[in-house]
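Trainee: Contents of query-v8.pdb (PDB, C-alpha atoms, pLDDT in the B column) are below:
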ATOM      1  CA  LEU A   1       0.000   0.000   0.000  1.00 30.00           C
ATOM      2  CA  LEU A   2       2.838   2.400   0.848  1.00 35.00           C
ATOM      3  CA  LEU A   3       4.490   1.687  -2.480  1.00 36.00           C
ATOM      4  CA  LEU A   4       1.245   2.359  -4.310  1.00 34.00           C
ATOM      5  CA  GLN A   5       0.780   5.618  -2.443  1.00 38.00           C
ATOM      6  CA  GLN A   6       4.312   6.690  -3.356  1.00 41.00           C
ATOM      7  CA  GLN A   7       3.726   5.859  -7.025  1.00 43.00           C
ATOM      8  CA  GLN A   8       0.267   7.369  -7.262  1.00 43.00           C
ATOM      9  CA  PRO A   9       1.239  11.011  -7.981  1.00 45.00           C
ATOM     10  CA  GLN A  10       3.388   9.955 -10.946  1.00 45.00           C
ATOM     11  CA  GLN A  11       0.613   7.742 -12.282  1.00 47.00           C
ATOM     12  CA  ASP A  12      -1.916  10.553 -11.939  1.00 49.00           C
ATOM     13  CA  GLU A  13       0.338  12.985 -13.805  1.00 50.00           C
ATOM     14  CA  ALA A  14       0.978  10.533 -16.618  1.00 50.00           C
ATOM     15  CA  ALA A  15      -2.695   9.661 -17.033  1.00 45.00           C
ATOM     16  CA  ALA A  16      -4.201  13.084 -16.376  1.00 54.00           C
ATOM     17  CA  SER A  17      -5.268  13.476 -20.005  1.00 71.00           C
ATOM     18  CA  SER A  18      -7.145  10.166 -20.075  1.00 74.00           C
ATOM     19  CA  LEU A  19      -9.060  10.066 -16.805  1.00 81.00           C
ATOM     20  CA  TYR A  20     -12.508   8.524 -17.156  1.00 77.00           C
ATOM     21  CA  PRO A  21     -15.187   9.528 -14.601  1.00 84.00           C
ATOM     22  CA  ALA A  22     -16.777   6.133 -14.012  1.00 80.00           C
ATOM     23  CA  GLN A  23     -20.182   6.109 -12.380  1.00 81.00           C
ATOM     24  CA  ARG A  24     -21.769   3.259 -10.462  1.00 83.00           C
ATOM     25  CA  ARG A  25     -24.958   1.978 -12.063  1.00 87.00           C
ATOM     26  CA  ASP A  26     -26.853  -0.492  -9.899  1.00 90.00           C
ATOM     27  CA  LEU A  27     -28.656  -1.691 -13.019  1.00 90.00           C
ATOM     28  CA  ASN A  28     -25.372  -3.257 -14.187  1.00 95.00           C
ATOM     29  CA  ILE A  29     -24.458  -4.958 -10.906  1.00 96.00           C
ATOM     30  CA  VAL A  30     -25.937  -8.206  -9.587  1.00 97.00           C
ATOM     31  CA  LEU A  31     -25.471  -9.173  -5.942  1.00 97.00           C
ATOM     32  CA  LEU A  32     -25.775 -12.563  -4.251  1.00 97.00           C
ATOM     33  CA  ASP A  33     -29.469 -12.588  -3.372  1.00 97.00           C
ATOM     34  CA  GLU A  34     -30.527 -11.605  -6.880  1.00 96.00           C
ATOM     35  CA  MET A  35     -28.117 -14.143  -8.354  1.00 97.00           C
ATOM     36  CA  LYS A  36     -29.653 -16.934  -6.270  1.00 96.00           C
ATOM     37  CA  GLU A  37     -33.070 -16.030  -7.638  1.00 95.00           C
ATOM     38  CA  LEU A  38     -31.798 -15.925 -11.218  1.00 94.00           C
ATOM     39  CA  VAL A  39     -30.178 -19.338 -10.857  1.00 94.00           C
ATOM     40  CA  LYS A  40     -33.405 -20.831  -9.495  1.00 90.00           C
ATOM     41  CA  ARG A  41     -35.216 -19.562 -12.559  1.00 86.00           C
ATOM     42  CA  GLN A  42     -32.493 -20.911 -14.830  1.00 80.00           C
ATOM     43  CA  GLN A  43     -32.842 -24.317 -13.204  1.00 77.00           C
ATOM     44  CA  GLN A  44     -36.557 -24.375 -13.985  1.00 76.00           C
ATOM     45  CA  GLN A  45     -36.132 -23.267 -17.578  1.00 69.00           C
ATOM     46  CA  PRO A  46     -34.836 -26.518 -19.214  1.00 56.00           C
ATOM     47  CA  GLN A  47     -37.925 -28.417 -18.051  1.00 55.00           C
ATOM     48  CA  SER A  48     -40.252 -25.934 -19.744  1.00 49.00           C
ATOM     49  CA  LYS A  49     -40.884 -25.406 -23.456  1.00 50.00           C
ATOM     50  CA  THR A  50     -41.639 -21.764 -22.685  1.00 50.00           C
ATOM     51  CA  PRO A  51     -38.623 -19.973 -21.122  1.00 51.00           C
ATOM     52  CA  THR A  52     -39.330 -18.761 -17.610  1.00 52.00           C
ATOM     53  CA  THR A  53     -36.635 -16.103 -17.716  1.00 63.00           C
ATOM     54  CA  THR A  54     -35.118 -13.778 -20.270  1.00 85.00           C
ATOM     55  CA  THR A  55     -31.792 -13.710 -18.416  1.00 92.00           C
ATOM     56  CA  THR A  56     -28.716 -15.580 -19.644  1.00 93.00           C
ATOM     57  CA  ILE A  57     -25.862 -16.279 -17.227  1.00 96.00           C
ATOM     58  CA  VAL A  58     -22.438 -16.394 -18.888  1.00 97.00           C
ATOM     59  CA  ASP A  59     -19.485 -17.870 -16.982  1.00 98.00           C
ATOM     60  CA  VAL A  60     -16.276 -16.589 -18.574  1.00 98.00           C
ATOM     61  CA  ARG A  61     -13.835 -18.819 -16.661  1.00 98.00           C
ATOM     62  CA  SER A  62     -11.932 -21.551 -18.482  1.00 98.00           C
ATOM     63  CA  ALA A  63     -13.793 -24.669 -19.598  1.00 97.00           C
ATOM     64  CA  GLU A  64     -11.847 -26.747 -17.057  1.00 97.00           C
ATOM     65  CA  ARG A  65     -12.877 -24.515 -14.154  1.00 98.00           C
ATOM     66  CA  PHE A  66     -16.447 -24.309 -15.442  1.00 98.00           C
ATOM     67  CA  ALA A  67     -16.700 -28.112 -15.473  1.00 97.00           C
ATOM     68  CA  GLY A  68     -15.072 -28.451 -12.066  1.00 97.00           C
ATOM     69  CA  ARG A  69     -12.205 -30.542 -13.412  1.00 96.00           C
ATOM     70  CA  VAL A  70      -9.454 -28.389 -11.894  1.00 96.00           C
ATOM     71  CA  GLU A  71      -9.010 -26.639  -8.568  1.00 96.00           C
ATOM     72  CA  GLU A  72      -9.867 -22.985  -8.276  1.00 97.00           C
ATOM     73  CA  PRO A  73      -6.911 -20.588  -7.868  1.00 96.00           C
ATOM     74  CA  ARG A  74      -8.492 -19.374  -4.626  1.00 95.00           C
ATOM     75  CA  PRO A  75      -8.318 -22.153  -2.017  1.00 94.00           C
ATOM     76  CA  GLY A  76     -11.416 -23.420  -0.273  1.00 95.00           C
ATOM     77  CA  LEU A  77     -13.909 -22.803  -3.079  1.00 97.00           C
ATOM     78  CA  ARG A  78     -16.271 -25.469  -4.326  1.00 97.00           C
ATOM     79  CA  LEU A  79     -15.883 -26.600  -7.929  1.00 97.00           C
ATOM     80  CA  GLY A  80     -18.247 -26.368 -10.882  1.00 97.00           C
ATOM     81  CA  HIS A  81     -20.671 -23.746 -12.116  1.00 97.00           C
ATOM     82  CA  MET A  82     -24.161 -22.365 -11.615  1.00 96.00           C
ATOM     83  CA  PRO A  83     -27.066 -24.382 -13.039  1.00 94.00           C
ATOM     84  CA  GLY A  84     -28.202 -22.974 -16.367  1.00 91.00           C
ATOM     85  CA  ALA A  85     -25.016 -20.984 -16.997  1.00 94.00           C
ATOM     86  CA  ILE A  86     -23.238 -21.164 -20.331  1.00 95.00           C
ATOM     87  CA  ASN A  87     -19.477 -21.075 -20.699  1.00 97.00           C
ATOM     88  CA  LEU A  88     -17.639 -18.555 -22.875  1.00 97.00           C
ATOM     89  CA  PRO A  89     -14.009 -18.195 -21.747  1.00 98.00           C
ATOM     90  CA  PHE A  90     -13.051 -14.537 -21.854  1.00 98.00           C
ATOM     91  CA  VAL A  91      -9.846 -15.294 -23.782  1.00 97.00           C
ATOM     92  CA  GLU A  92     -11.975 -16.160 -26.815  1.00 98.00           C
ATOM     93  CA  VAL A  93     -12.919 -12.511 -27.333  1.00 98.00           C
ATOM     94  CA  LEU A  94      -9.350 -11.203 -27.022  1.00 97.00           C
ATOM     95  CA  GLN A  95      -6.385 -10.943 -29.359  1.00 95.00           C
ATOM     96  CA  PRO A  96      -2.757  -9.828 -28.887  1.00 92.00           C
ATOM     97  CA  ASN A  97      -2.005  -6.127 -29.068  1.00 89.00           C
ATOM     98  CA  PRO A  98       1.559  -5.715 -30.352  1.00 83.00           C
ATOM     99  CA  GLU A  99       1.453  -1.970 -29.691  1.00 83.00           C
ATOM    100  CA  THR A 100       1.176  -2.362 -25.915  1.00 80.00           C
ATOM    101  CA  PRO A 101       4.111  -0.492 -24.293  1.00 80.00           C
ATOM    102  CA  GLY A 102       6.456  -2.741 -22.341  1.00 76.00           C
ATOM    103  CA  GLY A 103       5.349  -6.002 -23.874  1.00 72.00           C
ATOM    104  CA  PRO A 104       2.501  -7.873 -25.554  1.00 75.00           C
ATOM    105  CA  GLY A 105      -0.942  -6.989 -24.277  1.00 88.00           C
ATOM    106  CA  LEU A 106      -4.496  -7.912 -25.211  1.00 93.00           C
ATOM    107  CA  LEU A 107      -7.448  -6.131 -26.748  1.00 94.00           C
ATOM    108  CA  LEU A 108     -10.906  -7.050 -27.976  1.00 96.00           C
ATOM    109  CA  LYS A 109     -11.111  -8.777 -31.340  1.00 97.00           C
ATOM    110  CA  PRO A 110     -12.649  -6.887 -34.282  1.00 97.00           C
ATOM    111  CA  ARG A 111     -16.394  -6.387 -34.127  1.00 96.00           C
ATOM    112  CA  ASP A 112     -17.238  -8.861 -36.906  1.00 96.00           C
ATOM    113  CA  GLU A 113     -15.283 -11.626 -35.155  1.00 97.00           C
ATOM    114  CA  LEU A 114     -16.929 -10.812 -31.840  1.00 97.00           C
ATOM    115  CA  GLN A 115     -20.334 -11.002 -33.467  1.00 96.00           C
ATOM    116  CA  ARG A 116     -19.598 -14.500 -34.758  1.00 96.00           C
ATOM    117  CA  ILE A 117     -18.263 -15.673 -31.378  1.00 97.00           C
ATOM    118  CA  LEU A 118     -21.115 -14.191 -29.349  1.00 96.00           C
ATOM    119  CA  SER A 119     -23.769 -15.354 -31.808  1.00 94.00           C
ATOM    120  CA  ARG A 120     -22.352 -18.879 -31.741  1.00 94.00           C
ATOM    121  CA  ALA A 121     -22.677 -18.779 -27.951  1.00 94.00           C
ATOM    122  CA  GLY A 122     -26.312 -17.714 -28.304  1.00 91.00           C
ATOM    123  CA  LEU A 123     -25.766 -14.265 -26.846  1.00 93.00           C
ATOM    124  CA  LEU A 124     -26.574 -12.071 -29.824  1.00 85.00           C
ATOM    125  CA  THR A 125     -29.996 -13.327 -30.659  1.00 61.00           C
ATOM    126  CA  SER A 126     -31.424 -10.491 -32.544  1.00 50.00           C
ATOM    127  CA  ASN A 127     -31.741  -7.129 -31.051  1.00 43.00           C
ATOM    128  CA  LYS A 128     -31.922  -5.686 -34.579  1.00 44.00           C
ATOM    129  CA  ASP A 129     -34.020  -8.476 -36.081  1.00 42.00           C
ATOM    130  CA  ASP A 130     -36.439  -8.329 -33.199  1.00 42.00           C
ATOM    131  CA  ASP A 131     -36.746  -4.579 -33.635  1.00 43.00           C
ATOM    132  CA  ASP A 132     -37.724  -5.039 -37.285  1.00 42.00           C
ATOM    133  CA  ASP A 133     -40.206  -7.790 -36.482  1.00 41.00           C
ATOM    134  CA  ASN A 134     -41.742  -5.919 -33.597  1.00 41.00           C
ATOM    135  CA  ASN A 135     -42.165  -2.482 -35.109  1.00 44.00           C
ATOM    136  CA  ASP A 136     -45.794  -3.229 -35.930  1.00 43.00           C
ATOM    137  CA  LYS A 137     -46.424  -4.278 -32.340  1.00 40.00           C
ATOM    138  CA  ASP A 138     -45.124  -1.098 -30.721  1.00 44.00           C
ATOM    139  CA  ASP A 139     -48.411   0.809 -30.889  1.00 43.00           C
ATOM    140  CA  LYS A 140     -50.339  -2.104 -29.404  1.00 39.00           C
ATOM    141  CA  ASP A 141     -47.769  -2.565 -26.658  1.00 41.00           C
ATOM    142  CA  LYS A 142     -47.858   1.115 -25.760  1.00 39.00           C
ATOM    143  CA  SER A 143     -51.640   1.142 -25.594  1.00 35.00           C
ATOM    144  CA  SER A 144     -51.829  -1.942 -23.407  1.00 35.00           C
ATOM    145  CA  SER A 145     -49.054  -0.994 -20.997  1.00 34.00           C
ATOM    146  CA  SER A 146     -47.551   2.220 -19.654  1.00 32.00           C
ATOM    147  CA  SER A 147     -44.089   0.611 -19.462  1.00 30.00           C
ATOM    148  CA  THR A 148     -42.234  -1.279 -22.204  1.00 28.00           C
ATOM    149  CA  THR A 149     -39.160  -2.240 -20.189  1.00 28.00           C
ATOM    150  CA  ALA A 150     -40.523  -5.660 -19.218  1.00 29.00           C
ATOM    151  CA  THR A 151     -42.309  -6.661 -22.435  1.00 27.00           C
ATOM    152  CA  ALA A 152     -41.576  -9.848 -24.326  1.00 28.00           C
ATOM    153  CA  THR A 153     -40.012  -7.801 -27.116  1.00 31.00           C
ATOM    154  CA  SER A 154     -37.341  -6.253 -24.877  1.00 36.00           C
ATOM    155  CA  PRO A 155     -33.722  -7.438 -25.375  1.00 52.00           C
ATOM    156  CA  LYS A 156     -32.786 -10.253 -23.046  1.00 86.00           C
ATOM    157  CA  ARG A 157     -30.588  -9.538 -20.059  1.00 94.00           C
ATOM    158  CA  ILE A 158     -27.101 -11.037 -19.892  1.00 96.00           C
ATOM    159  CA  VAL A 159     -25.246 -11.476 -16.603  1.00 97.00           C
ATOM    160  CA  THR A 160     -21.541 -12.258 -16.852  1.00 98.00           C
ATOM    161  CA  THR A 161     -19.589 -13.908 -14.057  1.00 98.00           C
ATOM    162  CA  CYS A 162     -15.993 -15.049 -13.588  1.00 98.00           C
ATOM    163  CA  GLY A 163     -13.670 -15.772 -10.673  1.00 97.00           C
ATOM    164  CA  SER A 164     -13.753 -12.416  -8.930  1.00 96.00           C
ATOM    165  CA  GLY A 165     -15.803 -10.052 -11.088  1.00 96.00           C
ATOM    166  CA  ALA A 166     -12.914  -8.699 -13.184  1.00 96.00           C
ATOM    167  CA  THR A 167     -12.675 -10.712 -16.413  1.00 97.00           C
ATOM    168  CA  ALA A 168     -16.485 -10.848 -16.581  1.00 98.00           C
ATOM    169  CA  CYS A 169     -16.196  -7.198 -17.624  1.00 96.00           C
ATOM    170  CA  ILE A 170     -14.286  -8.225 -20.759  1.00 97.00           C
ATOM    171  CA  VAL A 171     -17.168 -10.233 -22.198  1.00 97.00           C
ATOM    172  CA  ALA A 172     -19.588  -7.518 -21.083  1.00 97.00           C
ATOM    173  CA  ALA A 173     -17.502  -5.008 -23.059  1.00 96.00           C
ATOM    174  CA  ALA A 174     -17.531  -7.319 -26.092  1.00 97.00           C
ATOM    175  CA  LEU A 175     -21.326  -7.510 -25.933  1.00 96.00           C
ATOM    176  CA  ILE A 176     -21.668  -3.752 -25.780  1.00 95.00           C
ATOM    177  CA  LYS A 177     -19.196  -3.360 -28.653  1.00 96.00           C
ATOM    178  CA  CYS A 178     -21.586  -5.547 -30.660  1.00 95.00           C
ATOM    179  CA  ASP A 179     -24.519  -3.229 -29.883  1.00 93.00           C
ATOM    180  CA  GLN A 180     -26.053  -5.112 -26.972  1.00 94.00           C
ATOM    181  CA  ASP A 181     -27.984  -2.514 -24.973  1.00 93.00           C
ATOM    182  CA  PRO A 182     -25.747  -1.593 -21.980  1.00 93.00           C
ATOM    183  CA  ASP A 183     -28.852  -1.534 -19.782  1.00 93.00           C
ATOM    184  CA  THR A 184     -29.272  -5.283 -20.443  1.00 95.00           C
ATOM    185  CA  VAL A 185     -25.697  -6.256 -19.521  1.00 96.00           C
ATOM    186  CA  ALA A 186     -24.753  -6.847 -15.883  1.00 97.00           C
ATOM    187  CA  ILE A 187     -21.839  -8.215 -13.869  1.00 97.00           C
ATOM    188  CA  TYR A 188     -22.243 -10.608 -10.944  1.00 98.00           C
ATOM    189  CA  ASP A 189     -19.883  -8.730  -8.671  1.00 95.00           C
ATOM    190  CA  GLY A 190     -19.086 -11.545  -6.225  1.00 97.00           C
ATOM    191  CA  SER A 191     -18.616 -14.113  -9.014  1.00 98.00           C
ATOM    192  CA  TRP A 192     -17.159 -17.525  -8.136  1.00 98.00           C
ATOM    193  CA  THR A 193     -15.200 -16.224  -5.172  1.00 98.00           C
ATOM    194  CA  GLU A 194     -18.525 -15.545  -3.504  1.00 98.00           C
ATOM    195  CA  TRP A 195     -20.716 -18.240  -5.085  1.00 98.00           C
ATOM    196  CA  GLY A 196     -18.212 -21.060  -4.676  1.00 98.00           C
ATOM    197  CA  GLY A 197     -17.482 -19.971  -1.119  1.00 97.00           C
ATOM    198  CA  GLN A 198     -21.090 -20.335   0.042  1.00 96.00           C
ATOM    199  CA  PRO A 199     -22.205 -23.626   1.645  1.00 95.00           C
ATOM    200  CA  ASP A 200     -25.715 -23.555   0.209  1.00 94.00           C
ATOM    201  CA  THR A 201     -25.493 -22.182  -3.344  1.00 96.00           C
ATOM    202  CA  LEU A 202     -26.565 -24.390  -6.260  1.00 95.00           C
ATOM    203  CA  ILE A 203     -23.617 -25.892  -8.126  1.00 96.00           C
ATOM    204  CA  VAL A 204     -23.332 -28.416 -10.945  1.00 96.00           C
ATOM    205  CA  THR A 205     -20.261 -30.052 -12.472  1.00 95.00           C
ATOM    206  CA  GLY A 206     -19.359 -31.331 -15.915  1.00 92.00           C
ATOM    207  CA  ASN A 207     -20.263 -29.735 -19.217  1.00 78.00           C
ATOM    208  CA  ASP A 208     -24.018 -30.016 -18.666  1.00 57.00           C
ATOM    209  CA  ASN A 209     -26.387 -28.998 -15.907  1.00 42.00           C
ATOM    210  CA  ASN A 210     -27.753 -32.401 -14.901  1.00 43.00           C
ATOM    211  CA  ASN A 211     -25.403 -33.248 -12.036  1.00 46.00           C
ATOM    212  CA  GLU A 212     -26.419 -31.136  -9.066  1.00 46.00           C
ATOM    213  CA  GLU A 213     -23.952 -31.058  -6.228  1.00 48.00           C
ATOM    214  CA  ASN A 214     -25.775 -28.869  -3.737  1.00 40.00           C
ATOM    215  CA  GLU A 215     -29.119 -27.151  -3.381  1.00 43.00           C
ATOM    216  CA  THR A 216     -30.300 -24.304  -1.210  1.00 36.00           C
TER     217      THR A 216
END
For the file at hand, write its structure as structure tokens.
Mentor:
Amino acid sequence: LLLLQQQQPQQDEAAASSLYPAQRRDLNIVLLDEMKELVKRQQQQPQSKTPTTTTTIVDVRSAERFAGRVEEPRPGLRLGHMPGAINLPFVEVLQPNPETPGGPGLLLKPRDELQRILSRAGLLTSNKDDDDDNNDKDDKDKSSSSSTTATATSPKRIVTTCGSGATACIVAAALIKCDQDPDTVAIYDGSWTEWGGQPDTLIVTGNDNNNEENET
């Protein structure tokens, strides 16, 4: 901490021209209680022909961690993933950036590649197509309801999660780069550090969601 404090003035001077005034938006943050409710709904969805939720949970950890085949880097956490979650490792949306000062860095892949990757994962299902198909329904929707934010034609919500809430932001950024409405993208802040550290959270292992390890 002392070292960081000593370095901070130099960092501030160097980055003064590129400061970004970030603002907290609760709409984009999911906490534990809400996540438990979302997972319960996800667990019910496969048994129903009609989806019970418009929320998709995306786990961006590696496939091995998602399946529970390797230990977590943080000791004491349970292994596996949330029921109903899909796996899209965050590294799949990144590419090397040779222009990074001091060594190779990473940046998001070009938009067309991201669209293919996210569509293949089922995450870009048609914000634009749905808009075209639903234009004729807008007047009816407005007359039957004073709010359109919860209608069936609204874009689905996507919640990304990782190990600690950091790399989940990478896939969230990729979604927004591909025109997903920022209001429909959220981060599960506690991620696996919190979920895997609870004794009563729902967890499954393997590449499917049929092997439940624990239930609330």
Trainee: Quick check on the file I pasted: which residues fall under the PyMOL selection byres ((chain A and resi 71-87) around 10)? Write them as a ChimeraX atom specification.
Mentor: /A:35-36,38-46,56-70,88-90,121-123,159-164,192-199,201-213
Trainee: Need to verify the contact set: Ile29 in chain A, 10 Å, only C-alpha atoms, exclusion of same-chain residues closer than 4 positions in sequence. Can you return it as a ChimeraX atom specification?
Mentor: /A:24-25,34,159-160,185-190
Trainee: Please produce a file of the residues just selected, as a PDB file, in the coordinates of the input, where the atoms kept are C-alpha atoms.
Mentor:
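Output contents, as saved in selection.pdb:
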ATOM      1  CA  ARG A  24     -21.769   3.259 -10.462  1.00 83.00           C
ATOM      2  CA  ARG A  25     -24.958   1.978 -12.063  1.00 87.00           C
ATOM      3  CA  GLU A  34     -30.527 -11.605  -6.880  1.00 96.00           C
ATOM      4  CA  VAL A 159     -25.246 -11.476 -16.603  1.00 97.00           C
ATOM      5  CA  THR A 160     -21.541 -12.258 -16.852  1.00 98.00           C
ATOM      6  CA  VAL A 185     -25.697  -6.256 -19.521  1.00 96.00           C
ATOM      7  CA  ALA A 186     -24.753  -6.847 -15.883  1.00 97.00           C
ATOM      8  CA  ILE A 187     -21.839  -8.215 -13.869  1.00 97.00           C
ATOM      9  CA  TYR A 188     -22.243 -10.608 -10.944  1.00 98.00           C
ATOM     10  CA  ASP A 189     -19.883  -8.730  -8.671  1.00 95.00           C
ATOM     11  CA  GLY A 190     -19.086 -11.545  -6.225  1.00 97.00           C
TER      12      GLY A 190
END
Trainee: Please list as number ranges by chain every residue within 12 Å of Arg116 in chain A, counting only C-alpha atoms and excluding residues in the same chain fewer than 5 positions away.
Mentor: A: 92-93, 109-111, 121-125, 174-175, 178
